[in-house]
file entry_0.tsv (TSV, all heavy atoms)
chain	number	residue	atom	x	y	z
A	1	MET	N	123.19	138.93	127.16
A	1	MET	CA	123.61	137.97	126.16
A	1	MET	C	124.30	138.74	125.03
A	1	MET	O	123.80	139.72	124.53
A	1	MET	CB	122.39	137.22	125.64
A	1	MET	CG	122.73	136.24	124.55
A	1	MET	SD	121.37	135.14	124.11
A	1	MET	CE	121.28	134.17	125.58
A	2	THR	N	125.41	138.23	124.61
A	2	THR	CA	126.15	138.86	123.53
A	2	THR	C	125.75	138.25	122.19
A	2	THR	O	125.16	137.17	122.14
A	2	THR	CB	127.67	138.67	123.72
A	2	THR	OG1	127.97	137.29	123.58
A	2	THR	CG2	128.13	139.19	125.06
A	3	ALA	N	126.07	138.96	121.14
A	3	ALA	CA	125.75	138.47	119.80
A	3	ALA	C	126.46	137.16	119.50
A	3	ALA	O	125.96	136.33	118.74
A	3	ALA	CB	126.11	139.53	118.76
A	4	ARG	N	127.62	136.94	120.08
A	4	ARG	CA	128.34	135.69	119.85
A	4	ARG	C	127.63	134.49	120.47
A	4	ARG	O	127.77	133.37	120.01
A	4	ARG	CB	129.75	135.77	120.40
A	4	ARG	CG	130.63	136.70	119.61
A	4	ARG	CD	132.04	136.72	120.21
A	4	ARG	NE	132.83	137.72	119.58
A	4	ARG	CZ	133.68	137.47	118.60
A	4	ARG	NH1	133.82	136.25	118.14
A	4	ARG	NH2	134.37	138.44	118.07
A	5	ARG	N	126.85	134.71	121.51
A	5	ARG	CA	126.15	133.61	122.17
A	5	ARG	C	124.75	133.40	121.60
A	5	ARG	O	124.16	132.35	121.78
A	5	ARG	CB	126.05	133.88	123.66
A	5	ARG	CG	127.42	133.87	124.32
A	5	ARG	CD	127.31	133.97	125.80
A	5	ARG	NE	126.69	132.73	126.29
A	5	ARG	CZ	126.12	132.61	127.47
A	5	ARG	NH1	126.07	133.64	128.28
A	5	ARG	NH2	125.59	131.47	127.83
A	6	LEU	N	124.22	134.39	120.94
A	6	LEU	CA	122.87	134.31	120.39
A	6	LEU	C	122.92	133.66	119.01
A	6	LEU	O	123.67	134.07	118.15
A	6	LEU	CB	122.26	135.70	120.30
A	6	LEU	CG	120.86	135.79	119.72
A	6	LEU	CD1	119.88	135.05	120.60
A	6	LEU	CD2	120.46	137.23	119.55
A	7	HIS	N	122.12	132.66	118.83
A	7	HIS	CA	122.07	132.00	117.53
A	7	HIS	C	120.61	131.94	117.09
A	7	HIS	O	119.77	131.37	117.78
A	7	HIS	CB	122.64	130.59	117.61
A	7	HIS	CG	122.50	129.83	116.32
A	7	HIS	ND1	123.30	130.09	115.24
A	7	HIS	CD2	121.65	128.86	115.95
A	7	HIS	CE1	122.95	129.30	114.25
A	7	HIS	NE2	121.94	128.53	114.66
A	8	ILE	N	120.32	132.49	115.95
A	8	ILE	CA	118.98	132.45	115.38
A	8	ILE	C	119.08	131.82	113.99
A	8	ILE	O	119.95	132.18	113.21
A	8	ILE	CB	118.37	133.86	115.28
A	8	ILE	CG1	118.24	134.48	116.67
A	8	ILE	CG2	117.02	133.81	114.58
A	8	ILE	CD1	117.80	135.92	116.65
A	9	SER	N	118.19	130.91	113.72
A	9	SER	CA	118.19	130.25	112.42
A	9	SER	C	116.84	130.45	111.73
A	9	SER	O	115.80	130.38	112.37
A	9	SER	CB	118.45	128.76	112.60
A	9	SER	OG	118.32	128.09	111.37
A	10	ALA	N	116.88	130.68	110.45
A	10	ALA	CA	115.66	130.80	109.67
A	10	ALA	C	115.37	129.49	108.94
A	10	ALA	O	114.42	129.39	108.19
A	10	ALA	CB	115.79	131.95	108.67
A	11	PHE	N	116.20	128.47	109.16
A	11	PHE	CA	116.01	127.18	108.52
A	11	PHE	C	114.80	126.49	109.11
A	11	PHE	O	114.68	126.30	110.30
A	11	PHE	CB	117.26	126.31	108.71
A	11	PHE	CG	117.14	124.96	108.08
A	11	PHE	CD1	117.10	124.82	106.70
A	11	PHE	CD2	117.07	123.83	108.86
A	11	PHE	CE1	116.99	123.58	106.11
A	11	PHE	CE2	116.96	122.58	108.28
A	11	PHE	CZ	116.93	122.45	106.91
A	12	HIS	N	113.87	126.13	108.28
A	12	HIS	CA	112.64	125.46	108.72
A	12	HIS	C	112.40	124.27	107.81
A	12	HIS	O	111.81	124.40	106.74
A	12	HIS	CB	111.46	126.44	108.66
A	12	HIS	CG	110.19	125.85	109.17
A	12	HIS	ND1	109.96	125.61	110.49
A	12	HIS	CD2	109.08	125.44	108.52
A	12	HIS	CE1	108.75	125.09	110.64
A	12	HIS	NE2	108.21	124.97	109.45
A	13	PRO	N	112.87	123.08	108.22
A	13	PRO	CA	112.72	121.92	107.35
A	13	PRO	C	111.26	121.54	107.20
A	13	PRO	O	110.50	121.53	108.16
A	13	PRO	CB	113.51	120.83	108.07
A	13	PRO	CG	113.54	121.26	109.49
A	13	PRO	CD	113.51	122.76	109.48
A	14	THR	N	110.87	121.25	105.99
A	14	THR	CA	109.49	120.85	105.72
A	14	THR	C	109.48	119.69	104.75
A	14	THR	O	110.47	119.38	104.11
A	14	THR	CB	108.67	122.01	105.10
A	14	THR	OG1	109.28	122.38	103.86
A	14	THR	CG2	108.61	123.20	106.02
A	15	GLY	N	108.35	119.09	104.64
A	15	GLY	CA	108.18	118.00	103.69
A	15	GLY	C	106.70	117.79	103.45
A	15	GLY	O	105.86	118.45	104.05
A	16	THR	N	106.39	116.89	102.59
A	16	THR	CA	104.99	116.60	102.30
A	16	THR	C	104.75	115.11	102.41
A	16	THR	O	105.64	114.30	102.15
A	16	THR	CB	104.59	117.07	100.89
A	16	THR	OG1	105.41	116.39	99.94
A	16	THR	CG2	104.76	118.56	100.74
A	17	ALA	N	103.56	114.78	102.83
A	17	ALA	CA	103.12	113.39	102.87
A	17	ALA	C	101.61	113.39	102.82
A	17	ALA	O	100.95	114.25	103.42
A	17	ALA	CB	103.60	112.71	104.15
A	18	ALA	N	101.06	112.44	102.12
A	18	ALA	CA	99.61	112.35	102.01
A	18	ALA	C	99.01	111.81	103.29
A	18	ALA	O	99.56	110.94	103.94
A	18	ALA	CB	99.24	111.45	100.85
A	19	ALA	N	97.87	112.34	103.67
A	19	ALA	CA	97.09	111.80	104.79
A	19	ALA	C	95.90	111.08	104.20
A	19	ALA	O	95.31	111.53	103.22
A	19	ALA	CB	96.63	112.92	105.70
A	20	GLY	N	95.56	109.94	104.75
A	20	GLY	CA	94.41	109.24	104.20
A	20	GLY	C	94.22	107.85	104.74
A	20	GLY	O	94.91	107.43	105.66
A	21	ALA	N	93.30	107.16	104.16
A	21	ALA	CA	92.90	105.85	104.65
A	21	ALA	C	93.82	104.71	104.19
A	21	ALA	O	93.81	103.65	104.79
A	21	ALA	CB	91.47	105.56	104.21
A	22	ASP	N	94.59	104.92	103.15
A	22	ASP	CA	95.43	103.85	102.60
A	22	ASP	C	96.76	103.75	103.34
A	22	ASP	O	97.63	104.59	103.16
A	22	ASP	CB	95.67	104.11	101.11
A	22	ASP	CG	96.45	102.99	100.44
A	22	ASP	OD1	96.76	101.99	101.10
A	22	ASP	OD2	96.72	103.13	99.24
A	23	PRO	N	96.95	102.73	104.18
A	23	PRO	CA	98.20	102.62	104.94
A	23	PRO	C	99.44	102.37	104.08
A	23	PRO	O	100.55	102.61	104.52
A	23	PRO	CB	97.95	101.46	105.90
A	23	PRO	CG	96.73	100.78	105.45
A	23	PRO	CD	96.00	101.68	104.51
A	24	GLU	N	99.24	101.93	102.85
A	24	GLU	CA	100.39	101.72	101.95
A	24	GLU	C	100.99	103.03	101.48
A	24	GLU	O	102.17	103.10	101.13
A	24	GLU	CB	99.96	100.88	100.74
A	24	GLU	CG	99.71	99.44	101.06
A	24	GLU	CD	100.99	98.70	101.38
A	24	GLU	OE1	102.00	98.92	100.70
A	24	GLU	OE2	100.96	97.89	102.33
A	25	HIS	N	100.20	104.10	101.41
A	25	HIS	CA	100.66	105.35	100.84
A	25	HIS	C	100.54	106.54	101.77
A	25	HIS	O	100.83	107.67	101.36
A	25	HIS	CB	99.86	105.65	99.55
A	25	HIS	CG	100.06	104.62	98.51
A	25	HIS	ND1	99.12	103.64	98.26
A	25	HIS	CD2	101.09	104.36	97.67
A	25	HIS	CE1	99.57	102.84	97.31
A	25	HIS	NE2	100.76	103.26	96.93
A	26	SER	N	100.15	106.34	103.01
A	26	SER	CA	99.92	107.44	103.91
A	26	SER	C	100.49	107.15	105.30
A	26	SER	O	100.15	106.14	105.91
A	26	SER	CB	98.41	107.69	104.03
A	26	SER	OG	98.15	108.61	105.04
A	27	PRO	N	101.37	108.03	105.82
A	27	PRO	CA	101.91	107.81	107.17
A	27	PRO	C	100.91	108.16	108.27
A	27	PRO	O	101.12	107.80	109.41
A	27	PRO	CB	103.12	108.74	107.22
A	27	PRO	CG	102.81	109.82	106.24
A	27	PRO	CD	101.98	109.18	105.17
A	28	THR	N	99.82	108.84	107.92
A	28	THR	CA	98.81	109.18	108.91
A	28	THR	C	97.45	108.66	108.48
A	28	THR	O	97.19	108.47	107.30
A	28	THR	CB	98.70	110.71	109.11
A	28	THR	OG1	98.28	111.30	107.89
A	28	THR	CG2	100.01	111.32	109.55
A	29	ASP	N	96.59	108.48	109.47
A	29	ASP	CA	95.21	108.11	109.15
A	29	ASP	C	94.44	109.39	108.82
A	29	ASP	O	95.00	110.49	108.90
A	29	ASP	CB	94.58	107.32	110.29
A	29	ASP	CG	94.39	108.12	111.57
A	29	ASP	OD1	94.49	109.36	111.55
A	29	ASP	OD2	94.13	107.49	112.61
A	30	PRO	N	93.17	109.29	108.42
A	30	PRO	CA	92.42	110.49	108.04
A	30	PRO	C	92.29	111.53	109.16
A	30	PRO	O	92.09	112.71	108.89
A	30	PRO	CB	91.04	109.95	107.64
A	30	PRO	CG	91.32	108.56	107.18
A	30	PRO	CD	92.42	108.07	108.08
A	31	GLU	N	92.43	111.12	110.43
A	31	GLU	CA	92.34	112.06	111.54
A	31	GLU	C	93.69	112.67	111.92
A	31	GLU	O	93.76	113.51	112.80
A	31	GLU	CB	91.73	111.37	112.77
A	31	GLU	CG	90.25	111.09	112.64
A	31	GLU	CD	89.98	109.85	111.78
A	31	GLU	OE1	90.77	108.90	111.87
A	31	GLU	OE2	89.00	109.86	111.03
A	32	GLY	N	94.78	112.25	111.27
A	32	GLY	CA	96.09	112.82	111.53
A	32	GLY	C	96.96	112.06	112.51
A	32	GLY	O	98.05	112.51	112.85
A	33	HIS	N	96.52	110.89	112.98
A	33	HIS	CA	97.33	110.08	113.88
A	33	HIS	C	98.43	109.37	113.09
A	33	HIS	O	98.16	108.76	112.06
A	33	HIS	CB	96.47	109.05	114.61
A	33	HIS	CG	95.45	109.68	115.49
A	33	HIS	ND1	94.14	109.84	115.10
A	33	HIS	CD2	95.55	110.23	116.72
A	33	HIS	CE1	93.47	110.43	116.07
A	33	HIS	NE2	94.31	110.69	117.06
A	34	LEU	N	99.65	109.46	113.58
A	34	LEU	CA	100.79	108.82	112.92
A	34	LEU	C	100.68	107.31	113.07
A	34	LEU	O	100.57	106.79	114.18
A	34	LEU	CB	102.09	109.33	113.52
A	34	LEU	CG	103.37	108.90	112.83
A	34	LEU	CD1	103.40	109.39	111.40
A	34	LEU	CD2	104.57	109.42	113.59
A	35	ARG	N	100.70	106.61	111.96
A	35	ARG	CA	100.56	105.15	111.99
A	35	ARG	C	101.76	104.52	112.67
A	35	ARG	O	102.90	104.87	112.39
A	35	ARG	CB	100.43	104.59	110.58
A	35	ARG	CG	99.21	105.07	109.84
A	35	ARG	CD	99.14	104.41	108.46
A	35	ARG	NE	98.22	105.11	107.59
A	35	ARG	CZ	96.91	104.95	107.61
A	35	ARG	NH1	96.36	104.12	108.46
A	35	ARG	NH2	96.14	105.62	106.78
A	36	GLY	N	101.50	103.58	113.56
A	36	GLY	CA	102.57	102.83	114.22
A	36	GLY	C	103.20	103.51	115.41
A	36	GLY	O	104.07	102.94	116.05
A	37	VAL	N	102.79	104.73	115.74
A	37	VAL	CA	103.34	105.45	116.89
A	37	VAL	C	102.17	105.95	117.73
A	37	VAL	O	101.39	106.79	117.29
A	37	VAL	CB	104.22	106.64	116.45
A	37	VAL	CG1	104.81	107.34	117.67
A	37	VAL	CG2	105.31	106.19	115.50
A	38	HIS	N	102.04	105.43	118.94
A	38	HIS	CA	100.94	105.80	119.81
A	38	HIS	C	101.12	107.21	120.36
A	38	HIS	O	102.20	107.58	120.81
A	38	HIS	CB	100.85	104.81	120.98
A	38	HIS	CG	99.77	105.15	121.95
A	38	HIS	ND1	98.44	104.97	121.64
A	38	HIS	CD2	99.81	105.67	123.18
A	38	HIS	CE1	97.72	105.36	122.67
A	38	HIS	NE2	98.53	105.78	123.62
A	39	GLY	N	100.07	108.02	120.29
A	39	GLY	CA	100.07	109.33	120.92
A	39	GLY	C	100.62	110.48	120.09
A	39	GLY	O	100.76	111.58	120.58
A	40	ILE	N	100.94	110.24	118.82
A	40	ILE	CA	101.45	111.32	117.96
A	40	ILE	C	100.36	111.74	116.98
A	40	ILE	O	99.81	110.92	116.25
A	40	ILE	CB	102.70	110.88	117.17
A	40	ILE	CG1	103.82	110.46	118.11
A	40	ILE	CG2	103.15	111.99	116.22
A	40	ILE	CD1	104.40	111.60	118.92
A	41	LEU	N	100.04	113.03	117.00
A	41	LEU	CA	99.04	113.59	116.09
A	41	LEU	C	99.73	114.63	115.23
A	41	LEU	O	100.38	115.54	115.73
A	41	LEU	CB	97.90	114.23	116.88
A	41	LEU	CG	96.79	114.88	116.07
A	41	LEU	CD1	96.02	113.82	115.29
A	41	LEU	CD2	95.84	115.64	116.98
A	42	ILE	N	99.63	114.48	113.91
A	42	ILE	CA	100.25	115.40	112.97
A	42	ILE	C	99.20	116.43	112.55
A	42	ILE	O	98.11	116.08	112.13
A	42	ILE	CB	100.76	114.66	111.71
A	42	ILE	CG1	101.69	113.51	112.10
A	42	ILE	CG2	101.43	115.63	110.75
A	42	ILE	CD1	102.93	113.94	112.84
A	43	THR	N	99.53	117.70	112.70
A	43	THR	CA	98.62	118.76	112.28
A	43	THR	C	99.34	119.73	111.36
A	43	THR	O	100.55	119.90	111.44
A	43	THR	CB	98.07	119.54	113.48
A	43	THR	OG1	99.15	120.16	114.17
A	43	THR	CG2	97.32	118.63	114.43
A	44	ASP	N	98.61	120.34	110.50
A	44	ASP	CA	99.15	121.38	109.64
A	44	ASP	C	98.01	122.29	109.20
A	44	ASP	O	96.87	122.13	109.62
A	44	ASP	CB	99.91	120.81	108.44
A	44	ASP	CG	99.03	120.04	107.47
A	44	ASP	OD1	97.80	120.15	107.55
A	44	ASP	OD2	99.58	119.33	106.64
A	45	TRP	N	98.31	123.23	108.36
A	45	TRP	CA	97.31	124.20	107.94
A	45	TRP	C	96.15	123.56	107.19
A	45	TRP	O	95.02	124.00	107.25
A	45	TRP	CB	97.97	125.27	107.07
A	45	TRP	CG	97.01	126.36	106.68
A	45	TRP	CD1	96.46	126.55	105.47
A	45	TRP	CD2	96.47	127.35	107.54
A	45	TRP	NE1	95.61	127.63	105.50
A	45	TRP	CE2	95.60	128.15	106.77
A	45	TRP	CE3	96.62	127.66	108.90
A	45	TRP	CZ2	94.90	129.23	107.30
A	45	TRP	CZ3	95.91	128.73	109.41
A	45	TRP	CH2	95.07	129.51	108.61
A	46	LEU	N	96.41	122.46	106.49
A	46	LEU	CA	95.35	121.81	105.72
A	46	LEU	C	94.27	121.20	106.61
A	46	LEU	O	93.17	120.95	106.15
A	46	LEU	CB	95.95	120.73	104.82
A	46	LEU	CG	96.86	121.24	103.72
A	46	LEU	CD1	97.48	120.08	102.97
A	46	LEU	CD2	96.11	122.16	102.78
A	47	GLY	N	94.58	120.99	107.88
A	47	GLY	CA	93.60	120.42	108.78
A	47	GLY	C	92.69	121.44	109.42
A	47	GLY	O	91.81	121.10	110.19
A	48	THR	N	92.84	122.71	109.08
A	48	THR	CA	92.01	123.75	109.68
A	48	THR	C	90.73	123.95	108.88
A	48	THR	O	90.65	123.55	107.72
A	48	THR	CB	92.77	125.08	109.76
A	48	THR	OG1	93.12	125.47	108.43
A	48	THR	CG2	94.03	124.97	110.60
A	49	ALA	N	89.78	124.57	109.50
A	49	ALA	CA	88.51	124.84	108.82
A	49	ALA	C	88.70	125.86	107.72
A	49	ALA	O	89.55	126.75	107.81
A	49	ALA	CB	87.49	125.34	109.82
A	50	GLN	N	87.89	125.76	106.69
A	50	GLN	CA	87.95	126.73	105.59
A	50	GLN	C	87.06	127.91	105.94
A	50	GLN	O	85.96	127.75	106.45
A	50	GLN	CB	87.48	126.10	104.30
A	50	GLN	CG	88.44	125.07	103.77
A	50	GLN	CD	87.99	124.51	102.43
A	50	GLN	OE1	86.89	124.77	101.97
A	50	GLN	NE2	88.87	123.78	101.80
A	51	LEU	N	87.56	129.09	105.63
A	51	LEU	CA	86.78	130.29	105.85
A	51	LEU	C	86.00	130.65	104.58
A	51	LEU	O	86.49	130.46	103.49
A	51	LEU	CB	87.69	131.45	106.24
A	51	LEU	CG	88.50	131.26	107.52
A	51	LEU	CD1	89.46	132.40	107.70
A	51	LEU	CD2	87.57	131.13	108.70
A	52	PRO	N	84.78	131.17	104.74
A	52	PRO	CA	84.00	131.54	103.55
A	52	PRO	C	84.61	132.72	102.82
A	52	PRO	O	85.32	133.51	103.32
A	52	PRO	CB	82.63	131.86	104.09
A	52	PRO	CG	82.80	132.11	105.53
A	52	PRO	CD	84.06	131.42	105.95
call {"tool": "encode", "arguments": {"input": "entry_0.tsv", "output": "structure tokens"}}
result
Amino acid sequence: MTARRLHISAFHPTGTAAAGADPEHSPTDPEGHLRGVHGILITDWLGTAQLP
């Protein structure tokens, strides 16, 4: 592969959205399931266990 054919991008689009029980203000439920879309689970670093 030549350098002309190789494309690497450091662009990583991100955003924020609250997770929670209020469907008016949260696109996900408290377990991370995307409201209105079956089978989609949203995960991020905040969903991991805290280390002591």
call {"tool": "atom_distance", "arguments": {"input": "entry_0.tsv", "atom1": "atom N of Pro23 of chain A", "atom2": "atom N of Arg35 of chain A"}}
result
9.5 Å
call {"tool": "atom_distance", "arguments": {"input": "entry_0.tsv", "atom1": "atom CG2 of Ile42 of chain A", "atom2": "atom CA of Asp22 of chain A"}}
result
15.5 Å
call {"tool": "atom_distance", "arguments": {"input": "entry_0.tsv", "atom1": "atom CG2 of Thr16 of chain A", "atom2": "atom CD2 of His38 of chain A"}}
result
26.3 Å
call {"tool": "residues_around", "arguments": {"input": "entry_0.tsv", "residues": "Ser26 of chain A", "least_positions_apart": "5", "cutoff": "12 Å", "atoms": "only C-alpha atoms", "output": "list in words"}}
result
Thr16, Ala17, Ala18, Ala19, Gly20, Ala21, Glu31, Gly32, His33, Leu34, Arg35 and Gly36 of chain A
call {"tool": "decode", "arguments": {"input": "entry_0.tsv", "residues": "segment 17-47 of chain A", "atoms": "N, CA and C atoms", "output": "short mmCIF file (atom, residue, chain, number, x, y, z; two decimals), in the first residue's frame"}}
result
data_model
loop_
_atom_site.label_atom_id
_atom_site.label_comp_id
_atom_site.auth_asym_id
_atom_site.auth_seq_id
_atom_site.Cartn_x
_atom_site.Cartn_y
_atom_site.Cartn_z
N ALA A 17 -24.81 13.68 26.11
CA ALA A 17 -26.25 13.58 26.32
C ALA A 17 -26.46 12.93 27.68
N ALA A 18 -27.44 13.39 28.38
CA ALA A 18 -27.72 12.83 29.70
C ALA A 18 -28.40 11.47 29.57
N ALA A 19 -28.04 10.56 30.45
CA ALA A 19 -28.73 9.28 30.55
C ALA A 19 -29.59 9.32 31.80
N GLY A 20 -30.78 8.79 31.72
CA GLY A 20 -31.61 8.82 32.91
C GLY A 20 -33.04 8.39 32.68
N ALA A 21 -33.82 8.55 33.69
CA ALA A 21 -35.20 8.06 33.67
C ALA A 21 -36.17 9.00 32.96
N ASP A 22 -35.82 10.26 32.79
CA ASP A 22 -36.74 11.24 32.21
C ASP A 22 -36.69 11.20 30.68
N PRO A 23 -37.70 10.66 30.01
CA PRO A 23 -37.67 10.57 28.55
C PRO A 23 -37.70 11.92 27.84
N GLU A 24 -38.12 12.96 28.54
CA GLU A 24 -38.14 14.30 27.94
C GLU A 24 -36.73 14.87 27.77
N HIS A 25 -35.79 14.45 28.61
CA HIS A 25 -34.46 15.05 28.61
C HIS A 25 -33.33 14.05 28.39
N SER A 26 -33.64 12.80 28.13
CA SER A 26 -32.62 11.78 28.03
C SER A 26 -32.88 10.85 26.84
N PRO A 27 -31.91 10.71 25.92
CA PRO A 27 -32.10 9.79 24.79
C PRO A 27 -31.94 8.32 25.19
N THR A 28 -31.40 8.07 26.38
CA THR A 28 -31.25 6.69 26.84
C THR A 28 -31.93 6.50 28.17
N ASP A 29 -32.27 5.24 28.45
CA ASP A 29 -32.81 4.93 29.77
C ASP A 29 -31.64 4.74 30.74
N PRO A 30 -31.90 4.52 32.02
CA PRO A 30 -30.80 4.39 32.99
C PRO A 30 -29.83 3.24 32.69
N GLU A 31 -30.28 2.22 31.92
CA GLU A 31 -29.40 1.10 31.58
C GLU A 31 -28.62 1.33 30.29
N GLY A 32 -28.86 2.45 29.59
CA GLY A 32 -28.13 2.77 28.37
C GLY A 32 -28.80 2.38 27.08
N HIS A 33 -30.04 1.88 27.12
CA HIS A 33 -30.76 1.53 25.90
C HIS A 33 -31.28 2.80 25.23
N LEU A 34 -31.04 2.92 23.94
CA LEU A 34 -31.49 4.09 23.19
C LEU A 34 -33.00 4.07 23.05
N ARG A 35 -33.65 5.12 23.48
CA ARG A 35 -35.11 5.17 23.44
C ARG A 35 -35.60 5.19 22.00
N GLY A 36 -36.60 4.38 21.71
CA GLY A 36 -37.22 4.37 20.39
C GLY A 36 -36.50 3.53 19.35
N VAL A 37 -35.37 2.93 19.68
CA VAL A 37 -34.62 2.11 18.73
C VAL A 37 -34.33 0.77 19.42
N HIS A 38 -34.91 -0.30 18.91
CA HIS A 38 -34.73 -1.62 19.51
C HIS A 38 -33.33 -2.15 19.24
N GLY A 39 -32.67 -2.66 20.28
CA GLY A 39 -31.40 -3.35 20.11
C GLY A 39 -30.15 -2.47 20.15
N ILE A 40 -30.29 -1.18 20.44
CA ILE A 40 -29.12 -0.30 20.50
C ILE A 40 -28.82 0.02 21.96
N LEU A 41 -27.59 -0.27 22.36
CA LEU A 41 -27.14 0.02 23.73
C LEU A 41 -25.98 1.00 23.63
N ILE A 42 -26.08 2.12 24.33
CA ILE A 42 -25.05 3.15 24.32
C ILE A 42 -24.16 2.93 25.54
N THR A 43 -22.86 2.83 25.31
CA THR A 43 -21.93 2.67 26.42
C THR A 43 -20.83 3.72 26.32
N ASP A 44 -20.29 4.08 27.44
CA ASP A 44 -19.15 4.99 27.47
C ASP A 44 -18.40 4.76 28.77
N TRP A 45 -17.39 5.54 29.00
CA TRP A 45 -16.55 5.36 30.17
C TRP A 45 -17.32 5.55 31.48
N LEU A 46 -18.35 6.40 31.46
CA LEU A 46 -19.11 6.66 32.69
C LEU A 46 -19.89 5.44 33.15
N GLY A 47 -20.11 4.48 32.27
CA GLY A 47 -20.84 3.29 32.64
C GLY A 47 -19.98 2.21 33.25
#
